[in-house]
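Dropping run_6.cif in here (mmCIF, C-alpha atoms):
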data_final
#
loop_
_atom_site.label_atom_id
_atom_site.label_comp_id
_atom_site.auth_asym_id
_atom_site.auth_seq_id
_atom_site.Cartn_x
_atom_site.Cartn_y
_atom_site.Cartn_z
CA MET A 1 15.98 -20.83 1.63
CA ARG A 2 15.40 -19.09 -1.70
CA VAL A 3 15.42 -15.32 -2.11
CA ILE A 4 14.89 -13.00 -5.06
CA THR A 5 17.76 -10.58 -5.41
CA GLN A 6 19.39 -8.35 -8.01
CA GLN A 7 23.02 -7.51 -8.69
CA THR A 8 22.31 -4.43 -10.78
CA LEU A 9 19.56 -1.91 -11.50
CA GLY A 10 17.41 -2.51 -14.55
CA GLY A 11 14.35 -4.20 -15.95
CA PRO A 12 12.49 -7.20 -14.53
CA GLU A 13 15.13 -9.52 -15.96
CA VAL A 14 17.64 -8.42 -13.29
CA LEU A 15 15.61 -10.23 -10.62
CA THR A 16 17.15 -13.62 -9.91
CA ILE A 17 16.41 -16.44 -7.48
CA VAL A 18 19.34 -17.63 -5.38
CA ASP A 19 19.90 -19.70 -2.25
CA ALA A 20 20.69 -17.84 0.97
CA PRO A 21 20.97 -18.69 4.67
CA GLU A 22 17.85 -18.20 6.74
CA PRO A 23 17.87 -14.97 8.78
CA GLN A 24 18.35 -15.20 12.52
CA PRO A 25 15.65 -13.32 14.44
CA LEU A 26 16.72 -10.78 17.05
CA PRO A 27 15.19 -10.88 20.56
CA THR A 28 12.05 -8.90 19.59
CA GLU A 29 11.64 -10.54 16.17
CA VAL A 30 9.88 -13.62 14.84
CA LEU A 31 10.80 -15.86 11.93
CA VAL A 32 7.99 -16.07 9.39
CA ARG A 33 7.61 -18.79 6.76
CA VAL A 34 6.19 -16.70 3.93
CA LYS A 35 3.09 -17.89 2.06
CA ALA A 36 2.46 -14.80 -0.09
CA ILE A 37 4.19 -11.52 -0.93
CA GLY A 38 2.33 -8.37 -1.97
CA LEU A 39 4.05 -6.35 -4.69
CA ASN A 40 3.96 -2.57 -4.92
CA PRO A 41 4.80 -0.11 -7.72
CA LEU A 42 7.51 1.38 -5.48
CA GLU A 43 9.45 -1.88 -5.73
CA ALA A 44 9.51 -1.70 -9.52
CA LEU A 45 10.90 1.84 -9.28
CA LEU A 46 13.56 0.75 -6.79
CA ARG A 47 14.49 -2.20 -8.99
CA ALA A 48 15.01 0.13 -11.95
CA GLY A 49 16.79 2.87 -10.00
CA GLU A 50 14.00 5.38 -10.70
CA PHE A 51 13.42 6.25 -7.05
CA PRO A 52 15.74 7.54 -4.32
CA PRO A 53 17.72 4.49 -3.19
CA LEU A 54 16.00 3.46 0.04
CA LEU A 55 17.95 0.21 -0.08
CA GLY A 56 21.27 1.57 -1.27
CA ARG A 57 23.02 0.09 -4.29
CA PRO A 58 22.51 -3.53 -5.37
CA PRO A 59 22.71 -6.26 -4.40
CA PHE A 60 19.55 -6.06 -2.33
CA ILE A 61 16.30 -7.92 -1.76
CA LEU A 62 13.07 -6.01 -2.37
CA GLY A 63 9.75 -6.33 -0.63
CA TRP A 64 7.75 -5.47 2.49
CA ASP A 65 4.23 -6.95 2.29
CA ILE A 66 4.11 -10.48 3.67
CA SER A 67 1.66 -13.04 4.98
CA GLY A 68 2.80 -16.31 6.48
CA VAL A 69 3.22 -18.55 9.50
CA VAL A 70 5.40 -17.91 12.55
CA GLU A 71 8.15 -20.53 12.81
CA GLU A 72 10.08 -19.29 15.81
CA GLY A 73 10.67 -16.32 18.04
CA PRO A 74 10.70 -15.23 21.66
CA LEU A 75 8.00 -16.78 23.80
CA THR A 76 6.14 -13.52 24.31
CA TYR A 77 2.47 -12.65 24.56
CA ARG A 78 2.41 -11.64 20.89
CA PHE A 79 2.82 -14.80 18.82
CA ARG A 80 3.51 -18.51 19.04
CA PRO A 81 4.86 -20.88 16.39
CA GLY A 82 2.04 -21.75 14.01
CA ASP A 83 0.31 -18.35 14.25
CA GLU A 84 -0.73 -16.92 10.89
CA VAL A 85 0.42 -13.31 10.62
CA PHE A 86 0.80 -10.50 8.12
CA GLY A 87 2.28 -7.04 7.96
CA MET A 88 4.72 -4.57 6.44
CA PRO A 89 7.85 -4.96 8.58
CA LEU A 90 10.62 -2.36 8.83
CA PHE A 91 9.45 -0.02 6.06
CA PRO A 92 11.22 2.03 4.74
CA ARG A 93 14.27 0.02 5.81
CA ALA A 94 14.94 -3.24 4.00
CA ALA A 95 12.69 -6.10 5.08
CA SER A 96 14.05 -8.42 2.37
CA ALA A 97 10.55 -9.80 1.92
CA TYR A 98 11.07 -11.40 -1.51
CA ALA A 99 12.09 -14.56 0.33
CA GLU A 100 10.80 -17.85 1.63
CA VAL A 101 11.60 -16.86 5.22
CA VAL A 102 11.62 -13.36 6.76
CA ALA A 103 12.75 -12.13 10.19
CA ALA A 104 10.42 -9.35 11.30
CA PRO A 105 9.78 -7.32 14.45
CA ALA A 106 6.81 -8.91 16.19
CA LEU A 107 5.37 -5.41 16.73
CA HIS A 108 5.11 -4.91 12.96
CA LEU A 109 2.84 -7.93 12.46
CA VAL A 110 -0.72 -8.82 13.40
CA ARG A 111 -2.68 -12.06 13.33
CA LYS A 112 -4.26 -12.80 9.98
CA PRO A 113 -8.07 -12.85 10.11
CA ALA A 114 -9.54 -16.21 9.17
CA SER A 115 -11.64 -14.45 6.53
CA LEU A 116 -8.52 -13.39 4.59
CA SER A 117 -6.43 -15.80 2.57
CA HIS A 118 -2.66 -15.40 2.72
CA ILE A 119 -2.85 -13.94 -0.79
CA GLU A 120 -5.36 -11.28 0.27
CA ALA A 121 -3.55 -10.54 3.53
CA SER A 122 -0.22 -10.00 1.77
CA ALA A 123 -1.88 -7.49 -0.54
CA LEU A 124 -3.22 -5.30 2.25
CA PRO A 125 -0.45 -3.76 4.45
CA VAL A 126 1.25 -1.11 2.27
CA VAL A 127 -1.92 0.09 0.55
CA GLY A 128 -4.06 -0.26 3.65
CA LEU A 129 -1.67 1.57 5.95
CA THR A 130 -1.16 4.32 3.38
CA ALA A 131 -4.90 4.84 3.06
CA TRP A 132 -5.50 4.61 6.83
CA GLN A 133 -2.72 7.01 7.74
CA GLY A 134 -3.86 9.40 5.01
CA LEU A 135 -7.54 9.43 5.89
CA VAL A 136 -7.63 8.67 9.62
CA ASP A 137 -4.34 9.90 11.09
CA LEU A 138 -3.66 12.87 8.83
CA GLY A 139 -6.98 13.67 7.16
CA GLY A 140 -9.10 13.21 10.28
CA VAL A 141 -12.05 12.20 8.12
CA THR A 142 -15.35 12.14 10.03
CA GLU A 143 -18.96 11.39 9.24
CA GLY A 144 -20.42 13.66 6.60
CA ASP A 145 -17.10 14.77 5.12
CA ARG A 146 -16.76 14.94 1.36
CA VAL A 147 -13.66 12.97 0.33
CA LEU A 148 -12.07 12.88 -3.13
CA VAL A 149 -9.83 9.88 -3.84
CA HIS A 150 -7.59 10.23 -6.87
CA GLY A 151 -6.78 6.91 -8.52
CA GLY A 152 -9.75 5.06 -7.07
CA GLY A 153 -9.07 1.89 -9.04
CA GLY A 154 -5.48 1.43 -7.85
CA GLY A 155 -4.07 -0.38 -4.85
CA VAL A 156 -4.30 2.48 -2.36
CA GLY A 157 -7.35 3.99 -4.01
CA HIS A 158 -9.76 1.06 -3.81
CA VAL A 159 -8.88 0.49 -0.15
CA ALA A 160 -9.15 4.23 0.63
CA ILE A 161 -12.69 4.34 -0.77
CA GLN A 162 -13.76 1.63 1.68
CA ILE A 163 -12.03 3.22 4.67
CA ALA A 164 -13.60 6.60 3.91
CA LYS A 165 -17.03 5.00 3.60
CA ALA A 166 -16.51 3.21 6.91
CA LEU A 167 -15.77 6.62 8.46
CA GLY A 168 -19.12 7.90 7.18
CA ALA A 169 -17.83 10.07 4.34
CA HIS A 170 -19.36 10.84 0.97
CA VAL A 171 -16.72 9.48 -1.39
CA ILE A 172 -15.93 10.70 -4.88
CA ALA A 173 -13.24 8.86 -6.84
CA THR A 174 -11.41 9.57 -10.07
CA ALA A 175 -10.77 6.61 -12.37
CA SER A 176 -10.75 5.77 -16.04
CA GLY A 177 -14.11 4.93 -17.58
CA SER A 178 -13.12 1.27 -17.86
CA LYS A 179 -12.81 1.09 -14.07
CA ARG A 180 -16.12 2.75 -13.21
CA THR A 181 -17.96 -0.45 -12.29
CA PHE A 182 -14.91 -1.73 -10.40
CA VAL A 183 -14.65 1.45 -8.32
CA GLU A 184 -18.40 1.67 -7.67
CA GLY A 185 -18.21 -1.89 -6.37
CA PHE A 186 -16.07 -0.67 -3.47
CA GLY A 187 -18.65 1.92 -2.44
CA ALA A 188 -17.74 5.14 -4.25
CA ASP A 189 -20.76 7.47 -4.27
CA GLU A 190 -19.55 9.24 -7.40
CA VAL A 191 -16.96 8.31 -10.04
CA ILE A 192 -15.32 10.88 -12.30
CA ASP A 193 -13.84 9.55 -15.53
CA TYR A 194 -10.66 11.61 -15.66
CA THR A 195 -10.16 10.71 -19.34
CA ALA A 196 -13.39 12.49 -20.27
CA VAL A 197 -14.04 15.03 -17.52
CA ASP A 198 -11.86 17.62 -15.75
CA PHE A 199 -12.38 16.84 -12.08
CA THR A 200 -11.95 20.54 -11.19
CA GLU A 201 -15.15 21.25 -13.12
CA ALA A 202 -17.06 18.29 -11.69
CA VAL A 203 -16.67 18.65 -7.91
CA ARG A 204 -16.55 21.37 -5.27
CA ASP A 205 -16.48 21.76 -1.49
CA ILE A 206 -14.23 18.78 -0.80
CA ASP A 207 -13.07 18.39 2.79
CA VAL A 208 -10.19 15.95 2.15
CA VAL A 209 -8.42 15.01 -1.07
CA LEU A 210 -6.34 11.81 -1.01
CA ASP A 211 -3.85 11.88 -3.88
CA THR A 212 -2.10 8.80 -5.21
CA ILE A 213 -1.33 10.22 -8.67
CA GLY A 214 0.98 13.21 -8.28
CA GLY A 215 1.92 15.54 -11.11
CA ASP A 216 -0.41 18.46 -11.75
CA THR A 217 -3.24 16.58 -10.05
CA VAL A 218 -1.94 17.80 -6.70
CA GLU A 219 -1.84 21.45 -7.66
CA ARG A 220 -5.20 21.35 -9.43
CA SER A 221 -6.83 19.75 -6.41
CA LEU A 222 -6.50 23.11 -4.65
CA GLU A 223 -9.43 24.29 -6.80
CA VAL A 224 -11.92 21.74 -5.43
CA LEU A 225 -11.24 22.04 -1.69
CA ARG A 226 -13.57 23.93 0.59
CA PRO A 227 -12.02 26.78 2.62
CA GLY A 228 -9.67 25.18 5.13
CA GLY A 229 -9.73 21.87 3.25
CA HIS A 230 -6.94 19.31 3.38
CA LEU A 231 -4.83 17.71 0.64
CA VAL A 232 -3.11 14.48 1.67
CA THR A 233 -0.66 13.04 -0.84
CA ALA A 234 1.27 9.81 -1.04
CA VAL A 235 3.51 10.96 -3.90
CA ALA A 236 4.34 14.67 -3.59
CA GLU A 237 5.00 14.99 0.12
CA GLU A 238 8.26 16.93 -0.19
CA ASP A 239 7.24 19.60 -2.72
CA SER A 240 7.94 22.79 -0.76
CA GLY A 241 6.48 24.97 -3.51
CA LEU A 242 3.14 23.19 -3.39
CA ILE A 243 3.10 23.25 0.39
CA ALA A 244 3.59 27.02 0.34
CA LYS A 245 0.86 27.45 -2.28
CA TYR A 246 -1.66 25.50 -0.23
CA GLU A 247 -0.79 27.32 2.96
CA ALA A 248 -1.08 30.69 1.22
CA ALA A 249 -4.59 29.71 0.13
CA GLY A 250 -5.54 28.79 3.69
CA MET A 251 -5.53 25.05 2.98
CA ARG A 252 -3.73 22.19 4.69
CA PHE A 253 -1.15 20.03 2.91
CA SER A 254 0.13 16.73 4.32
CA GLY A 255 2.38 14.03 2.95
CA ILE A 256 2.09 10.38 3.90
CA ALA A 257 5.30 8.67 4.99
CA VAL A 258 3.73 5.28 5.61
CA ASP A 259 5.05 3.30 8.56
CA PRO A 260 4.31 -0.17 9.99
CA ASP A 261 1.93 1.08 12.68
CA PRO A 262 0.40 -1.92 14.53
CA VAL A 263 -2.54 0.15 15.78
CA ALA A 264 -3.54 1.08 12.23
CA LEU A 265 -2.93 -2.49 11.08
CA ARG A 266 -5.33 -3.74 13.76
CA GLY A 267 -7.81 -1.08 12.61
CA LEU A 268 -7.68 -2.56 9.13
CA VAL A 269 -8.22 -6.05 10.56
CA GLU A 270 -11.29 -4.81 12.45
CA LEU A 271 -12.80 -3.45 9.23
CA VAL A 272 -12.07 -6.74 7.46
CA GLU A 273 -13.74 -8.71 10.24
CA GLN A 274 -16.76 -6.41 10.06
CA GLY A 275 -17.06 -7.10 6.33
CA ARG A 276 -16.39 -3.44 5.50
CA LEU A 277 -13.00 -3.86 3.84
CA ARG A 278 -11.66 -6.19 1.17
CA VAL A 279 -8.60 -6.04 -1.02
CA HIS A 280 -8.65 -6.88 -4.70
CA VAL A 281 -5.84 -8.94 -6.18
CA GLN A 282 -5.66 -8.50 -9.94
CA GLU A 283 -3.25 -11.37 -10.53
CA THR A 284 -1.05 -13.83 -8.67
CA PHE A 285 2.26 -15.27 -9.84
CA PRO A 286 4.34 -18.10 -8.43
CA PHE A 287 7.58 -17.04 -6.74
CA GLU A 288 9.56 -18.24 -9.78
CA ARG A 289 7.73 -15.82 -12.10
CA VAL A 290 8.68 -12.64 -10.28
CA ALA A 291 9.97 -11.06 -13.51
CA ASP A 292 6.53 -11.49 -15.12
CA ALA A 293 4.91 -9.94 -12.06
CA HIS A 294 7.22 -6.94 -12.31
CA ARG A 295 6.42 -6.53 -15.98
CA LEU A 296 2.80 -6.16 -14.96
CA LEU A 297 3.80 -3.58 -12.35
CA ASP A 298 5.80 -1.69 -14.98
CA GLY A 299 2.72 -1.49 -17.20
CA GLY A 300 0.77 0.51 -14.61
CA HIS A 301 -3.03 0.98 -14.57
CA LEU A 302 -3.51 -1.94 -12.20
CA ARG A 303 -6.78 -2.86 -10.56
CA GLY A 304 -5.80 -3.47 -6.97
CA LYS A 305 -2.70 -5.53 -6.26
CA VAL A 306 -0.28 -8.13 -7.65
CA VAL A 307 0.90 -10.99 -5.42
CA LEU A 308 3.63 -13.65 -5.45
CA THR A 309 2.77 -17.02 -3.96
CA LEU A 310 4.97 -19.66 -2.40
#
This structure in structure tokens:
Amino acid sequence: MRVITQQTLGGPEVLTIVDAPEPQPLPTEVLVRVKAIGLNPLEALLRAGEFPPLLGRPPFILGWDISGVVEEGPLTYRFRPGDEVFGMPLFPRAASAYAEVVAAPALHLVRKPASLSHIEASALPVVGLTAWQGLVDLGGVTEGDRVLVHGGGGGVGHVAIQIAKALGAHVIATASGSKRTFVEGFGADEVIDYTAVDFTEAVRDIDVVLDTIGGDTVERSLEVLRPGGHLVTAVAEEDSGLIAKYEAAGMRFSGIAVDPDPVALRGLVELVEQGRLRVHVQETFPFERVADAHRLLDGGHLRGKVVLTL
């Protein structure tokens, strides 16, 4: 099979396609013939060495989001050869998903809904699980809550808007003015153009803030929360100073360490099947053009996700 690997840290040009033996699934794993691979900004940071080395030093194979077809595995109640599945196996350990074939724990995969293409399904796990675990598991969002989603036009953000709406929340999202229509299309009740308006002057009495931006956005979000409100962040989860500041103000502070939770993944599938959740893919690239796909990741300001196809 072919895999995309790298021998050194650096720009997109370090990603190379090589031949490798197919992995051998362990007793609780299945072998998946990959049809599409969702790419995430984290992978560009790992490629360049700009993030703590989850995968160690090169060589390594990036990737977690996959959608494909089961080729073999234990004859269990979970899957049979020919089943279409998707998921985010093993995160944050290496799943080596930039590959034509992936061995993955069966528990980390779910059946792909017929309404989702492999491209769409591969784009959903990381962003969907991050949003679900932030809003449902940690945030405890319920009907009538006021939820602020920072980065509403991004991968996590546009999915989070839909999950929050499905939970019955009033959703406010920050996004650039050029993304207003895009973000409103996913159900945001209000959109704040952060390039023109200071969100701390535009909103108040927020029950849950979901942060995907980091920087001073996290600290400034303290100003818009109601008493006892909750900040959930995907990018500043280990900032002890911020945690102390929130706690001193009587607020809650939680960091998302996303994991391949099959219960949450099935929750996402249920929303998809109800027509209440969709994932936007900005652009697809063939497997051979992975460097071009990473250049797009490096540029930032994406609308939704980028996907490799096989």
Determine, for each residue of segment 152-237 of chain A having at least one atom at most 7 Å from an atom of segment 298-305 of chain A, the closest pair of atoms and their separation in Å to one decimal, counting all atoms listed in the file; order by chain and ascending number, as a tab-separated table.
residue	atom	partner	partner_atom	distance
A:Gly153	CA	A:Arg303	CA	5.5
A:Gly154	CA	A:Gly304	CA	5.0
A:Gly155	CA	A:Gly304	CA	4.1
A:His158	CA	A:Gly304	CA	6.8
- So which one's closest to Phe60 of chain A, A:Gln162, A:Gln133, A:Ser117, A:Thr5? Using only C-alpha atoms, please.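 Result for the nearest residue to Phe60 of chain A: A:Thr5.
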- May I ask for the distance between atom CA of Thr130 of chain A and atom CA of Thr195 of chain A, given in Å to one decimal place? 25.3 Å
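Selection result for the displayed file, with the PyMOL selection byres ((chain A and resi 63-69) around 6) as criterion, is Val32, Arg33, Val34, Lys35, Ala36, Ile37, Gly38, Leu62, Val70, Gly82, Asp83, Glu84, Val85, Phe86, Gly87, Met88, Ala95, Ser96, Ala97, Tyr98, His118, Ala121 and Ser122 of chain A.
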- Query: Looking at A:Asp19, A:Asp261, A:Asp292, A:Glu120, which one is nearest to Trp132 of chain A, with distances taken over only C-alpha atoms?
  - Reply: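 Using only C-alpha atoms, Trp132 of chain A sits closest to A:Asp261.
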- Which of A:Val191, A:Leu90, A:Ala48, A:Ala264 sits closest to Asp137 of chain A [using only C-alpha atoms]: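 Looking at the shortest contact to Asp137 of chain A, the residue is A:Ala264.
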Produce the centre coordinates and the three edge lengths, each in Å to one decimal, of the box along x, y and z that contains all listed atoms of segment 60-76 of chain A with 3 Å added on each side, as lines of an AutoDock Vina configuration file.
center_x = 10.6
center_y = -13.0
center_z = 11.0
size_x = 23.9
size_y = 21.1
size_z = 32.7
Selection in question (the file shown): the PyMOL selection byres ((chain A and resi 265-279) around 7). Which residues does it include, as a PDB file with C-alpha atoms, in the coordinates of the input?
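Final file, expr.pdb:
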ATOM      1  CA  VAL A 110      -0.720  -8.820  13.400  1.00  0.00           C
ATOM      2  CA  PRO A 113      -8.070 -12.850  10.110  1.00  0.00           C
ATOM      3  CA  GLU A 120      -5.360 -11.280   0.270  1.00  0.00           C
ATOM      4  CA  ALA A 123      -1.880  -7.490  -0.540  1.00  0.00           C
ATOM      5  CA  LEU A 124      -3.220  -5.300   2.250  1.00  0.00           C
ATOM      6  CA  GLY A 128      -4.060  -0.260   3.650  1.00  0.00           C
ATOM      7  CA  LEU A 129      -1.670   1.570   5.950  1.00  0.00           C
ATOM      8  CA  VAL A 159      -8.880   0.490  -0.150  1.00  0.00           C
ATOM      9  CA  GLN A 162     -13.760   1.630   1.680  1.00  0.00           C
ATOM     10  CA  ALA A 166     -16.510   3.210   6.910  1.00  0.00           C
ATOM     11  CA  ASP A 261       1.930   1.080  12.680  1.00  0.00           C
ATOM     12  CA  PRO A 262       0.400  -1.920  14.530  1.00  0.00           C
ATOM     13  CA  VAL A 263      -2.540   0.150  15.780  1.00  0.00           C
ATOM     14  CA  ALA A 264      -3.540   1.080  12.230  1.00  0.00           C
ATOM     15  CA  HIS A 280      -8.650  -6.880  -4.700  1.00  0.00           C
ATOM     16  CA  VAL A 281      -5.840  -8.940  -6.180  1.00  0.00           C
TER      17      VAL A 281
END
What would segment 170-181 of chain A look like with all heavy atoms restored, written as an mmCIF file, in the frame of the given file?
data_model
loop_
_atom_site.group_PDB
_atom_site.id
_atom_site.type_symbol
_atom_site.label_atom_id
_atom_site.label_comp_id
_atom_site.auth_asym_id
_atom_site.auth_seq_id
_atom_site.Cartn_x
_atom_site.Cartn_y
_atom_site.Cartn_z
ATOM 1 N N HIS A 170 -18.870 10.904 2.349
ATOM 2 C CA HIS A 170 -19.360 10.840 0.970
ATOM 3 C C HIS A 170 -18.123 10.795 0.082
ATOM 4 O O HIS A 170 -17.302 11.715 0.115
ATOM 5 C CB HIS A 170 -20.205 12.067 0.643
ATOM 6 C CG HIS A 170 -20.714 12.102 -0.769
ATOM 7 N ND1 HIS A 170 -21.921 11.531 -1.132
ATOM 8 C CD2 HIS A 170 -20.178 12.618 -1.906
ATOM 9 C CE1 HIS A 170 -22.105 11.701 -2.437
ATOM 10 N NE2 HIS A 170 -21.066 12.359 -2.920
ATOM 11 N N VAL A 171 -17.978 9.729 -0.690
ATOM 12 C CA VAL A 171 -16.720 9.480 -1.390
ATOM 13 C C VAL A 171 -16.882 9.653 -2.895
ATOM 14 O O VAL A 171 -17.747 9.035 -3.529
ATOM 15 C CB VAL A 171 -16.195 8.066 -1.099
ATOM 16 C CG1 VAL A 171 -14.848 7.852 -1.790
ATOM 17 C CG2 VAL A 171 -16.039 7.863 0.413
ATOM 18 N N ILE A 172 -16.018 10.488 -3.437
ATOM 19 C CA ILE A 172 -15.930 10.700 -4.880
ATOM 20 C C ILE A 172 -14.559 10.179 -5.303
ATOM 21 O O ILE A 172 -13.550 10.456 -4.655
ATOM 22 C CB ILE A 172 -16.056 12.193 -5.224
ATOM 23 C CG1 ILE A 172 -17.351 12.763 -4.629
ATOM 24 C CG2 ILE A 172 -15.998 12.416 -6.733
ATOM 25 C CD1 ILE A 172 -17.363 14.268 -4.508
ATOM 26 N N ALA A 173 -14.512 9.429 -6.384
ATOM 27 C CA ALA A 173 -13.240 8.860 -6.840
ATOM 28 C C ALA A 173 -13.020 9.194 -8.307
ATOM 29 O O ALA A 173 -13.964 9.213 -9.105
ATOM 30 C CB ALA A 173 -13.238 7.346 -6.656
ATOM 31 N N THR A 174 -11.764 9.455 -8.664
ATOM 32 C CA THR A 174 -11.410 9.570 -10.070
ATOM 33 C C THR A 174 -10.873 8.224 -10.542
ATOM 34 O O THR A 174 -10.183 7.518 -9.811
ATOM 35 C CB THR A 174 -10.348 10.654 -10.320
ATOM 36 O OG1 THR A 174 -9.135 10.306 -9.629
ATOM 37 C CG2 THR A 174 -10.828 12.010 -9.843
ATOM 38 N N ALA A 175 -11.225 7.863 -11.767
ATOM 39 C CA ALA A 175 -10.770 6.610 -12.370
ATOM 40 C C ALA A 175 -11.078 6.674 -13.851
ATOM 41 O O ALA A 175 -11.916 7.470 -14.290
ATOM 42 C CB ALA A 175 -11.478 5.412 -11.734
ATOM 43 N N SER A 176 -10.426 5.841 -14.623
ATOM 44 C CA SER A 176 -10.750 5.770 -16.040
ATOM 45 C C SER A 176 -12.140 5.158 -16.196
ATOM 46 O O SER A 176 -12.623 4.421 -15.329
ATOM 47 C CB SER A 176 -9.726 4.926 -16.788
ATOM 48 O OG SER A 176 -9.740 3.588 -16.330
ATOM 49 N N GLY A 177 -12.769 5.437 -17.342
ATOM 50 C CA GLY A 177 -14.110 4.930 -17.580
ATOM 51 C C GLY A 177 -14.198 3.419 -17.502
ATOM 52 O O GLY A 177 -15.207 2.861 -17.049
ATOM 53 N N SER A 178 -13.124 2.737 -17.882
ATOM 54 C CA SER A 178 -13.120 1.270 -17.860
ATOM 55 C C SER A 178 -13.151 0.712 -16.448
ATOM 56 O O SER A 178 -13.474 -0.465 -16.249
ATOM 57 C CB SER A 178 -11.899 0.736 -18.601
ATOM 58 O OG SER A 178 -10.703 1.131 -17.940
ATOM 59 N N LYS A 179 -12.824 1.549 -15.462
ATOM 60 C CA LYS A 179 -12.810 1.090 -14.070
ATOM 61 C C LYS A 179 -14.026 1.548 -13.275
ATOM 62 O O LYS A 179 -14.106 1.304 -12.073
ATOM 63 C CB LYS A 179 -11.536 1.590 -13.371
ATOM 64 C CG LYS A 179 -10.244 0.943 -13.847
ATOM 65 C CD LYS A 179 -9.065 1.416 -13.013
ATOM 66 C CE LYS A 179 -7.762 0.752 -13.443
ATOM 67 N NZ LYS A 179 -6.612 1.221 -12.637
ATOM 68 N N ARG A 180 -14.978 2.195 -13.935
ATOM 69 C CA ARG A 180 -16.120 2.750 -13.210
ATOM 70 C C ARG A 180 -16.847 1.689 -12.378
ATOM 71 O O ARG A 180 -17.072 1.863 -11.176
ATOM 72 C CB ARG A 180 -17.112 3.406 -14.180
ATOM 73 C CG ARG A 180 -18.411 3.879 -13.507
ATOM 74 C CD ARG A 180 -19.339 4.553 -14.481
ATOM 75 N NE ARG A 180 -18.786 5.810 -14.935
ATOM 76 C CZ ARG A 180 -18.908 6.967 -14.277
ATOM 77 N NH1 ARG A 180 -19.567 7.002 -13.115
ATOM 78 N NH2 ARG A 180 -18.386 8.074 -14.748
ATOM 79 N N THR A 181 -17.222 0.590 -13.005
ATOM 80 C CA THR A 181 -17.960 -0.450 -12.290
ATOM 81 C C THR A 181 -17.125 -1.028 -11.152
ATOM 82 O O THR A 181 -17.623 -1.287 -10.049
ATOM 83 C CB THR A 181 -18.383 -1.573 -13.250
ATOM 84 O OG1 THR A 181 -19.204 -1.009 -14.281
ATOM 85 C CG2 THR A 181 -19.162 -2.652 -12.531
#
